[in-house]
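Read through the structure below, which is laid out as C-alpha cells, and then see the notes.
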Amino acid sequence: MKKGLFPEPTIKDISIIYSVLTPKEKEFLEENHNVAKFRKNQIIYQEGESPTGLLCLGAGKAKIFKEGIGGRDQIVRMAKAPGLIGYRALFADEPHIASAVVIDPCTIFEIPKEVIDQLMSTNNHLCMNIINAFASELGFSRYRTVTLTQKHIRGRLAESLMLLRDIYGFEKDNSTLNIYLSREDLANFSNMTTSNAIRTLTNFVKENVIAVDGRIIRILDENQLERISKLG
C-alpha cells in the first residue's frame, strides 16, 4: 500500500464527540489530546490498569477480552474505528476489568480525563452521546450474555459470524468478511473450544453456508446462516 493513499485519521473523525462541540470546544480538544499508534497484537490497555483518559479508536480494529480460568480468553467485544474503548472504567473511576489488543494497526486518540470532564460539564449534547454509547454497549452485552449461554454451538458460531459482518462489513465482493480472525479468536468470541469452532466451521463449509481459506471467511448463504443463528 502506498504511503498517503488514505488520509491520516484525526480527532475530528471521532464524530460522537467532535460533531457536537462548539468551535471553541473543538479548538480546545484539538490542542489537548494525545495520539498513539499501535501495531498488530500490541496491547492497548491491560486488565487491572487504571485509565488516564478517554480512548478513541481513530483507525484500525481491536478486540476486548478477559482472561478466564486456565488462561482461556473470552472476547467480550470487537471494536472498529471510529469509536470509543475502555470508557466504562474511566467514568466509573475503576481499573479496567478487561484488556484490549490490536487486530489491525490502530491509531488511538487519548483525551485526558480532566479535558473530557471539562467538555462534558458544559456540553449536554456530548453527555447524551456518551450515555447513548453506554446504553448501546450495555444492551449488546446483556444480549450476548443470554445467547452465549443458551444457544448451541452451531447457533453461537453462526451468530458470531453475523455480528462480525455487522461490525466490520464485507470486502468489495460483498461476501468476504472484512476481518481475519484465528480459529482461537473465533472460538473465544463464540464461547466455545477451538476444536469445536473448527469442527463447526467445517460443517458450515460442507453445507455451503460459508467458504473458508485460512483466516478468510466468505458468507455464501446469509439467509441460512441467520436461520442457524436464530434457531440456536
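Identifiers in this document derive from the order of the C-alpha cells: chains are assigned A, B, ..., residues are numbered from 1 separately in each chain, and ligands are numbered from 1 in order of occurrence.
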
Which residues of stretch 156-220 of chain A sit at most 12 Å from stretch 96-111 of chain A, using only C-alpha atoms? Give each one's shortest atom pair and distance in Å (one decimal place), in chain and ascending residue order, as a Markdown table.
| residue | atom | partner | partner_atom | distance |
| --- | --- | --- | --- | --- |
| A:Tyr168 | CA | A:Asp104 | CA | 11.8 |
| A:Asn178 | CA | A:Asp104 | CA | 10.9 |
| A:Ile179 | CA | A:Ile103 | CA | 8.7 |
| A:Tyr180 | CA | A:Ile103 | CA | 8.5 |
| A:Leu181 | CA | A:Ile103 | CA | 8.3 |
| A:Ser182 | CA | A:Ile103 | CA | 10.4 |
| A:Asp185 | CA | A:Ile103 | CA | 10.4 |

Same residues, N, CA, C and O atoms, output as a compact mmCIF listing (two decimals), in the first residue's frame:
# COMPACT_ATOMS: atom_id res chain seq x y z
N TYR A 168 -17.91 -5.20 10.93
CA TYR A 168 -16.82 -4.88 10.01
C TYR A 168 -17.21 -4.86 8.54
O TYR A 168 -16.47 -4.34 7.71
N ASN A 178 -14.70 -8.59 6.32
CA ASN A 178 -13.59 -7.64 6.36
C ASN A 178 -12.88 -7.69 7.71
O ASN A 178 -12.56 -6.67 8.31
N ILE A 179 -12.63 -8.91 8.18
CA ILE A 179 -11.89 -9.14 9.42
C ILE A 179 -11.35 -10.57 9.32
O ILE A 179 -12.06 -11.47 8.86
N TYR A 180 -10.11 -10.75 9.73
CA TYR A 180 -9.47 -12.06 9.59
C TYR A 180 -9.01 -12.53 10.96
O TYR A 180 -7.97 -12.11 11.46
N LEU A 181 -9.82 -13.43 11.54
CA LEU A 181 -9.55 -13.91 12.89
C LEU A 181 -9.02 -15.33 12.86
O LEU A 181 -9.40 -16.13 12.00
N SER A 182 -8.20 -15.65 13.85
CA SER A 182 -7.74 -17.02 14.01
C SER A 182 -8.90 -17.88 14.50
O SER A 182 -9.92 -17.37 14.99
N ASP A 185 -9.53 -17.12 18.10
CA ASP A 185 -10.31 -15.90 18.34
C ASP A 185 -11.79 -16.12 18.06
O ASP A 185 -12.66 -15.63 18.80

Problem - Selection: 9 Å around A:Asn123, only C-alpha atoms, excl. self and same-chain fewer than 6 positions, as a ChimeraX atom specification - result: /A:20-22

Sort by chain and increasing residue number a table of all residues of stretch 20-53 of chain A within 12 Å of stretch 68-90 of chain A, each with its closest pair of atoms and their distance in Å to one decimal, counting only C-alpha atoms, and write it as a Markdown table.
| residue | atom | partner | partner_atom | distance |
| --- | --- | --- | --- | --- |
| A:Ile44 | CA | A:Gly86 | CA | 9.5 |
| A:Tyr45 | CA | A:Gly86 | CA | 8.2 |
| A:Gln46 | CA | A:Gly86 | CA | 9.9 |
| A:Glu47 | CA | A:Gly86 | CA | 10.2 |
| A:Gly48 | CA | A:Ala89 | CA | 10.0 |
| A:Glu49 | CA | A:Ala89 | CA | 9.4 |
| A:Ser50 | CA | A:Ala89 | CA | 7.6 |
| A:Pro51 | CA | A:Leu90 | CA | 5.6 |
| A:Thr52 | CA | A:Leu90 | CA | 7.2 |
| A:Gly53 | CA | A:Leu90 | CA | 6.8 |

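Excluding A:Leu148 and any residue on its chain fewer than 4 positions from it, the residues at most 10 Å away by only C-alpha atoms are Tyr143, Arg144, His152, Ile153, Gly155, Arg156, Leu157, Glu159, Ser160, Phe189, Ser190, Asn191, Met192 and Gly232 of chain A.
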
Handout entry: Length of the atom CA of A:Gly214 to atom CA of A:Lys63 vector [Å]
Key = 19.7 Å

Problem - Between atom CA of A:Gly58 and atom CA of A:Ile14 - distance in Å to one decimal - result: 6.7 Å

Practice task
May I ask for the distance between atom CA of A:Glu67 and atom CA of A:Ala187, given in Å to one decimal place?
Solution key: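 Atom CA of A:Ala187 lies 13.6 Å from atom CA of A:Glu67.
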
Problem - Residue with smallest distance to A:Gln42 - pool A:Lys172, A:Arg183, A:Lys12, A:Lys61, counting only C-alpha atoms - result: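 Closest to A:Gln42, using only C-alpha atoms: A:Lys61.
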
Practice task
Write out as a list in words the residues lying within 8 Å of A:Ser175, counting only C-alpha atoms and excluding same-chain residues fewer than 3 positions away.
Solution key: Phe170, Glu171, Lys172, Arg218, Ile219 and Leu220 of chain A

Problem - Backbone DSSP call of strand (DSSP E or B) for chain A, listed as a VMD selection string - result: chain A and resid 34 to 38 43 to 45 53 to 67 73 to 80 83 to 85 99 to 112 170 176 to 177 210 to 213 216 to 219

Exercise for the section: Could you tell me which of A:Thr200, A:Thr176, A:Asn41, A:Ser229 comes closest to A:Arg215 if we count only C-alpha atoms? Expected result: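 Closest candidate: A:Thr176.
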
Handout entry: alpha helix (DSSP H) per DSSP on the backbone: members of stretch 31-189 of chain A, as a ChimeraX atom specification
Key = /A:31,87-92,113-122,124-150,153-168,183-189

Exercise for the section: Measuring atom to atom with only C-alpha atoms, identify which of A:Val205, A:Ala197, A:Ile131, A:Leu231 is nearest to A:Thr147. Expected result: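 For A:Thr147, the nearest of the given residues is A:Leu231.
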
Problem - Selected residue, from A:Leu177, A:Met120, A:Ala59, A:Thr193, that lies nearest to A:Met162 when counting only C-alpha atoms - result: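 Looking at the shortest contact to A:Met162, the residue is A:Leu177.
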